[in-house]
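Undergrad: Shown below is the structure under consideration.
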Protein chains: 2
Amino acid sequence: MIERLSNYVAGQWQAGTGAGTPLVDPVLGNELVRVDATGLDLAAAFAYAREQGGKALRALSYRQRAAILADVVKVLQANRDAYEEIATANSGTVKNDSAVDIDGGVYTLSTYARLGVGLGDRRFLIDGEPASLGKEALFQSQHVMVPTRGLALFINAFNFPSWGLWEKAAPALLSGVPVVIKPATATAWLTQRMVKDVVDSGLLPPGALSVVCGSSAGLLDALEPFDVLSFTGSAETAQLIRSHAAVAQRSVRVNIEADSLNSALLLEGAVAGDAAFELLVKEVAREMTQKSGQKCTAIRRVFVPEALYGAVAEAISARLGKTSVGNPRNESVRMGALVNRAQLDAVRAGLATLLSQAEALHDGAKHALVDADPAVACCVGPTLLGTRAADAADRVHDTEVFGPVATLMPYRDAGHALALIQRGQGSLAVSIYGSDAAALGATALELAAGHGRVHVVSPDVAAMHTGHGNVMPQSLHGGPGRAGGGEELGGARALNFYHRRAAIQASTSVLSPMVG
Amino acid sequence: MIERLSNYVAGQWQAGTGAGTPLVDPVLGNELVRVDATGLDLAAAFAYAREQGGKALRALSYRQRAAILADVVKVLQANRDAYEEIATANSGTVKNDSAVDIDGGVYTLSTYARLGVGLGDRRFLIDGEPASLGKEALFQSQHVMVPTRGLALFINAFNFPSWGLWEKAAPALLSGVPVVIKPATATAWLTQRMVKDVVDSGLLPPGALSVVCGSSAGLLDALEPFDVLSFTGSAETAQLIRSHAAVAQRSVRVNIEADSLNSALLLEGAVAGDAAFELLVKEVAREMTQKSGQKCTAIRRVFVPEALYGAVAEAISARLGKTSVGNPRNESVRMGALVNRAQLDAVRAGLATLLSQAEALHDGAKHALVDADPAVACCVGPTLLGTRAADAADRVHDTEVFGPVATLMPYRDAGHALALIQRGQGSLAVSIYGSDAAALGATALELAAGHGRVHVVSPDVAAMHTGHGNVMPQSLHGGPGRAGGGEELGGARALNFYHRRAAIQASTSVLSPMVG
């Protein structure tokens with residue numbers, strides 16, 4: 001008997017009334033569980049979250065909410081084995097890749113638990129200094145940030161069922177805003193299980209955390225003007241969301257994180273085999289293979305000085321050639337599966353598109369699978385593409401293949417490199433490799449307008465840099481243009497999305513006791 | 001011969017190729033000028049602004065751009081007489097109301113000129129302190145704000161052709177972002193004339209400031225991912241903008257300021273005739289009549305303790321009765337015209353809607369017009385409506401009548417008052433009147449989540465408070481929900497919209513010289 005995962009809304013576990021959608025092991029092909037949200041009363045569920053959850057959370061101070069988050073961390077740590085088991089079965093990821101999702105989520109949550117302690121016993125945030133309005137100092141303007149009086153709906157992507165939940169829920173709950181999470185169906189199990197453990201713990205007030213597994217039908221219709229919506233996924237769905245009446249008519253605040261053609265750039269001056277060269281090679285190979293390239297921040301385009309094109313191609317290919325691919329339960333395997341057959345098909349179709357303008361420098365299709373049936377397992381080896389005609393290769397700059405695929409391109413000079421990177425029309429992350437601090441700094445500033453995060457790798461930080469694709473809660477996550485224009489994380493900046501800013505203009509006799 | 005106003009794009013004055021749309025004197029009914037934007041090559045115009053204007057502005061420091069703004073202030077001050085003449089003819093406003101627009105714009109511009117000096121010789125902004133990533137302090141994350149590499153398109157409303165231009169252009173230009181202004185057709189003349197004076201002054205680099213007068217057709221189509229769009233106007237148009245491909249697909253950052261049912265609240269404890277009572281009465285009457293109530297921030301709903309309903313109705317009506325309405329050229333006139341016949345018709349239709357659920361406590365239709373032909377002039381007296389059934393009167397909470405109209409309602413207790421205000425579903429501004437500092441502060445915080453600005457009027461600031469509807473550049477302008485969800489002004493906060501935030505993760509050897 002296949003388990004049907006329940007939804008948790010309006011303070012109750014509720015099963016859908018439909019047949020359900022199966023979640024499948026992408027390596028073995030067997031059905032694991034089913035999800036279904038048919039027939040839920042979403043309007044009532046959302047009203048409960050806003051009224052019960054929101055009110056209870058807002059009654060707590062930041063410090064009290066931070067203490068709850070710290071306790072939630074302990075609950076998640078206590079259940080870690082179950083999460084790893086679910087990740088292996090449902091996401092087809094090797095231990096290290098499962099850890100990126102599971103431990104990354106817990107680390108982000110614990111970061112916000114610590115950050116919240118520093119916000120103290122307040123129930124709203126002071127935003128800046130007061131400003132005198134007029135010549136006398138008696139009448140002033142003081143900006144404050146207060147928690148929005150709605151809920152936070154998260155519509156998440158399949159690749160991070162744990163981290164994707166907590167990187168959003170941590171700042172929302174710390175802000176005093178109740179959360180409704182709608183995980184991607186393909187990997188909803190881990191999200192649902194984590195929510196279940198937290199709900200069972202009784203740590204959060206009723207209505208503070210809800211989960212809806214299955215179709216997203218009706219979710220946006222239930223949104224009201226003070227709700228906020230954070231979406232991670234495709235540009236197509238993002239467009240539907242932005243045009244939905246909730247956003248277009250009711251001004252629901254929306255954060256979008258969509259496609260991204262992230263770049264890695266080896267600066268001029270590097271020599272084959274030197275430190276910067278090796279750092280780039282290592283990072284590109286790691287980014288291509290970690291989580292089978294299913295990271296929104298993964299490197300998709302690699303730009304190197306013309307003279308180094310051949311050497312870089314060879315060095316990356318050599319590393320990729322050593323990557324064993326297959327069943328994540330086999331200890332020798334370094335890279336597991338794609339999440340499901342639909343993604344495998346999409347990656348193959350994307351590869352075919354890119355191959356119309358690039359050649360395969362290392363062909364992942366030639367990797368033999370370890371412990372996995374090629375007819376069943378959604379596994380594919382890493383493929384490095386390359387083209388010397390970087391300017392003409394439109395598809396390479398606009399087609400995100402969400403798998404272990406990147407394209408190498410040569411550039412003529414610094415201006416050419418920047419122009420090629422800009423062809424991505426806005427990305428989440430770019431990394432720069434070099435040994436000249438001034439050149440690295442200047443290039444980072446040039447690239448800042450087009451990227452939410454600029455990751456600079458110089459030899460002195462070789463052993464400690466946090467990785468091109470690894471999202472640190474201290475740093476902004478999001479990017480302009482094609483990347484969706486959103487902003488997440490960035491330490492305390494993440495709280496802004498869940499607060500409303502207001503200017504209070506008043507006598508200092510009113511403001512002074514209020515600000516404290 | 002009627003003058004046809006030229007558009008200034010791609011560094012040239014260009015006439016449209018169509019018949020043009022007439023701008024009319026709303027009091028005398030005669031045609032003043034024509035505007036037309038037919039046949040402009042907007043793609044080329046926008047490319048010129050981005051490439052010439054953006055590049056030149058970004059090459060300047062904040063201090064240098066601030067110095068230009070200060071010089072622009074002088075140009076505008078030198079031409080003030082012409083602006084007042086245009087305002088009288090085209091907006092039908094009395095001198096004091098024209099000054100709100102003209103001098104309000106110049107004051108806002110000069111405020112940003114001063115603010116910019118403090119930003120110094122930099123070309124980007126530092127955002128917060130660096131954060132160590134990991135145990136060693138060598139690898140850190142530093143957030144920066146850099147000017148967006150696009151243009152700022154402003155689609156503006158008819159009621160503030162001067163202030164509406166400069167409250168947006170000042171922070172944009174200070175940020176290093178070129179501006180394209182599309183004023184509302186009805187009052188485009190003043191905007192166009194101000195741009196002309198600034199362009200003729202040669203103070204700004206080519207491409208930094210463009211103006212398109214006439215239809216907005218094609219403007220959004222020409223937007224690209226790094227452009228930003230700020231819109232002030234109706235909720236219907238806001239919906240079209242949010243659903244447009246530029247925003248929904250290309251992630252153009254958008255700021256919306258739409259409808260608003262702003263409230264004034266007299267706190268419990270007031271007595272008829274006491275200081276708080278009188279301050280509310282005076283402010284409501286002022287807000288209803290200033291600019292004939294054509295301010296997005298004007299008071300539309302007035303909430304008073306049940307016992308004071310009759311006394312407040314009488315006191316406001318008495319003030320309104322003394323307001324002479326008609327030709328702004330007549331010195332005895334205190335309130336001029338609505339902007340045109342379409343607005344007059346809309347106000348009459350809106351009044352009819354509200355009268356289905358409220359009664360007229362003071363009927364503006366009974367005001368005799370001074371020096372104006374009722375068959376020609378778009379003038380209407382101020383009307384105070386009232387209903388004791390505040391809960392049942394849906395229309396009063398969702399219908400913005402953009403003229404000299406407000407509705408008085410009684411509330412039972414503080415909770416009831418807050419619930420009634422919340423029926424507006426998010427507003428730009430709310431004002432609170434009372435004598436108890438603690439009650440004023442607590443109420444202000446309760447209302448902060450639903451309003452961009454909370455204006456607190458206590459007797460000690462009677463002589464110096466800046467007014468419910470007056471937008472100070474030091475304070476946030478914008479509001480959630482129905483008000484569009486936007487944020488403008490708020491001192492340096494206004495620069496955020498024109499910058500992109502990025503986290504630069506790097507060795508301190510790279511970051512330290514960069515941050516300086």
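Chain labels follow the order of the structure tokens: the first chain is A, the next B, and so on; residue numbering restarts at 1 in every chain, and ligands are counted from 1 in their shown order.
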Give me, as a tab-separated table, each residue of region 14-119 of chain B that comes within 7 Å of region 150-153 of chain B, together with its shortest interatomic pair and the distance in Å at one decimal, counting only C-alpha atoms, with rows ordered by chain and rising residue number.
TA:
```
residue	atom	partner	partner_atom	distance
B:Ala49	CA	B:Leu151	CA	6.7
B:Arg50	CA	B:Gly150	CA	5.3
B:Gly54	CA	B:Gly150	CA	7.0
```
Undergrad: Please save C-alpha atoms of the selected residues as a PDB file, in the first residue's frame.
TA:
```
ATOM      1  CA  ALA B  49      19.167  57.108 -23.318  1.00  0.00           C
ATOM      2  CA  ARG B  50      20.694  53.872 -22.002  1.00  0.00           C
ATOM      3  CA  GLY B  54      23.444  56.130 -18.736  1.00  0.00           C
TER       4      GLY B  54
END
```
Undergrad: Name the residues in contact with region 300-312 of chain A at a cut-off of 6 Å, using only C-alpha atoms, excluding same-chain residues fewer than 6 positions from it; report them as a list of chain:residue names.
TA: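 Here the qualifying residues turn out to be A:Leu261, A:Asn262, A:Ser263, A:Ala264, A:Leu265, A:Leu266, A:Glu268, A:Ala406, A:Thr407, A:Leu408, A:Met409, A:Pro410, A:Tyr411.
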Undergrad: Any chance you could export the current selection's N, CA, C and O atoms as a compact mmCIF listing (two decimals), in the first residue's frame?
TA:
```
# COMPACT_ATOMS: atom_id res chain seq x y z
N LEU A 261 21.63 31.99 -16.53
CA LEU A 261 22.77 31.47 -17.30
C LEU A 261 24.04 31.96 -16.63
O LEU A 261 24.76 32.81 -17.16
N ASN A 262 24.31 31.46 -15.42
CA ASN A 262 25.44 31.92 -14.62
C ASN A 262 26.78 31.67 -15.31
O ASN A 262 26.93 30.68 -16.02
N SER A 263 27.72 32.56 -15.04
CA SER A 263 29.01 32.50 -15.73
C SER A 263 30.17 32.32 -14.76
O SER A 263 30.09 32.70 -13.60
N ALA A 264 31.23 31.75 -15.29
CA ALA A 264 32.53 31.74 -14.62
C ALA A 264 33.52 32.42 -15.57
O ALA A 264 33.48 32.19 -16.77
N LEU A 265 34.37 33.27 -15.01
CA LEU A 265 35.27 34.06 -15.84
C LEU A 265 36.70 33.93 -15.33
O LEU A 265 37.00 34.31 -14.19
N LEU A 266 37.57 33.41 -16.19
CA LEU A 266 39.00 33.39 -15.87
C LEU A 266 39.62 34.66 -16.45
O LEU A 266 39.58 34.89 -17.66
N GLU A 268 42.16 37.67 -17.71
CA GLU A 268 43.38 37.73 -18.51
C GLU A 268 44.60 37.69 -17.58
O GLU A 268 44.54 38.17 -16.45
N ALA A 406 27.66 22.47 -19.18
CA ALA A 406 28.17 23.85 -19.26
C ALA A 406 28.85 24.02 -20.60
O ALA A 406 29.21 23.05 -21.26
N THR A 407 29.01 25.29 -21.00
CA THR A 407 29.61 25.58 -22.30
C THR A 407 30.82 26.49 -22.12
O THR A 407 30.73 27.54 -21.48
N LEU A 408 31.92 26.07 -22.70
CA LEU A 408 33.17 26.83 -22.64
C LEU A 408 33.29 27.74 -23.85
O LEU A 408 33.00 27.32 -24.98
N MET A 409 33.70 29.00 -23.61
CA MET A 409 33.87 29.96 -24.70
C MET A 409 35.10 30.82 -24.47
O MET A 409 35.38 31.20 -23.32
N PRO A 410 35.81 31.17 -25.54
CA PRO A 410 36.97 32.05 -25.41
C PRO A 410 36.56 33.51 -25.58
O PRO A 410 35.58 33.81 -26.27
N TYR A 411 37.31 34.43 -24.94
CA TYR A 411 37.07 35.85 -25.18
C TYR A 411 38.38 36.51 -25.60
O TYR A 411 39.46 36.01 -25.30
```
Undergrad: Find the residues of chain A in contact range of chain B, meaning any atom within 6 Å when counting only C-alpha atoms, and list them as a short mmCIF file (atom, residue, chain, number, x, y, z; two decimals) with C-alpha atoms, in the first residue's frame.
TA:
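The resulting file, part-v6.cif, is shown below:
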```cif
data_model
loop_
_atom_site.label_atom_id
_atom_site.label_comp_id
_atom_site.auth_asym_id
_atom_site.auth_seq_id
_atom_site.Cartn_x
_atom_site.Cartn_y
_atom_site.Cartn_z
CA VAL A 146 6.27 46.12 10.71
CA THR A 148 2.90 42.31 6.98
CA PRO A 225 -3.41 42.21 -0.66
CA GLN A 239 5.08 35.07 -16.11
CA ARG A 242 3.01 38.04 -12.39
CA SER A 243 -0.09 38.27 -14.60
CA ALA A 248 -1.61 42.38 -11.04
CA GLN A 249 -4.78 43.60 -9.29
CA ARG A 250 -4.35 43.00 -5.58
CA SER A 251 -0.69 44.09 -5.38
CA ALA A 437 43.31 41.99 -6.58
CA GLY A 441 37.74 44.14 -7.70
CA ALA A 448 27.50 43.67 -9.97
CA ALA A 449 24.68 45.36 -11.92
CA GLY A 452 22.84 39.17 -7.40
CA ARG A 453 26.11 37.67 -6.27
CA VAL A 454 29.68 38.05 -7.52
CA HIS A 455 31.99 35.34 -6.24
CA VAL A 456 35.68 36.19 -6.46
CA SER A 475 24.74 37.01 1.01
CA LEU A 476 21.98 38.10 -1.31
CA GLY A 481 16.38 40.26 -15.62
CA GLY A 484 13.59 37.01 -12.09
CA GLY A 485 14.57 40.20 -10.30
CA ARG A 500 5.99 46.73 5.37
CA ALA A 502 6.05 53.03 6.88
CA ALA A 503 7.02 56.57 7.76
CA ILE A 504 5.52 57.75 11.02
CA GLN A 505 5.40 61.55 11.11
CA ALA A 506 4.77 62.80 14.62
CA VAL A 510 4.90 60.47 20.39
#
```
Undergrad: Env of Ala99 (chain B): 12 Å cut, atoms = only C-alpha atoms, seq-sep filter 5 positions within chain, self excluded. Answer as a list of chain:residue names.
TA: B:Gln77, B:Arg80, B:Asp81, B:Tyr83, B:Glu84, B:Glu85, B:Ile86, B:Ala87, B:Thr88, B:Ser91, B:Thr93, B:Val94, B:Gly104, B:Gly105, B:Val106, B:Tyr107, B:Phe160, B:Pro161, B:Ser162, B:Trp163, B:Gln290, B:Lys291
Undergrad: When you draw a straight line from CA of Glu359 (chain A) to CA of Thr383 (chain A), how long is it in Å?
TA: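 Taking CA of Glu359 (chain A) and CA of Thr383 (chain A), their separation equals 10.1 Å.
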Undergrad: Counting only C-alpha atoms, what is within 7 Å of Cys378 (chain A), bar same-chain residues fewer than 4 positions away, as a list in words?
TA: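 So the residues in contact are Pro26, Val27, Ala337, Leu338, Asn340, Arg341 and Leu344 of chain A.
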Undergrad: Restricting the calculation to only C-alpha atoms, which member of A:Phe277, A:Phe154, A:Tyr62, A:Phe402 is positioned closest to Val339 (chain A)?
TA: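 Result for the nearest residue to Val339 (chain A): A:Phe402.
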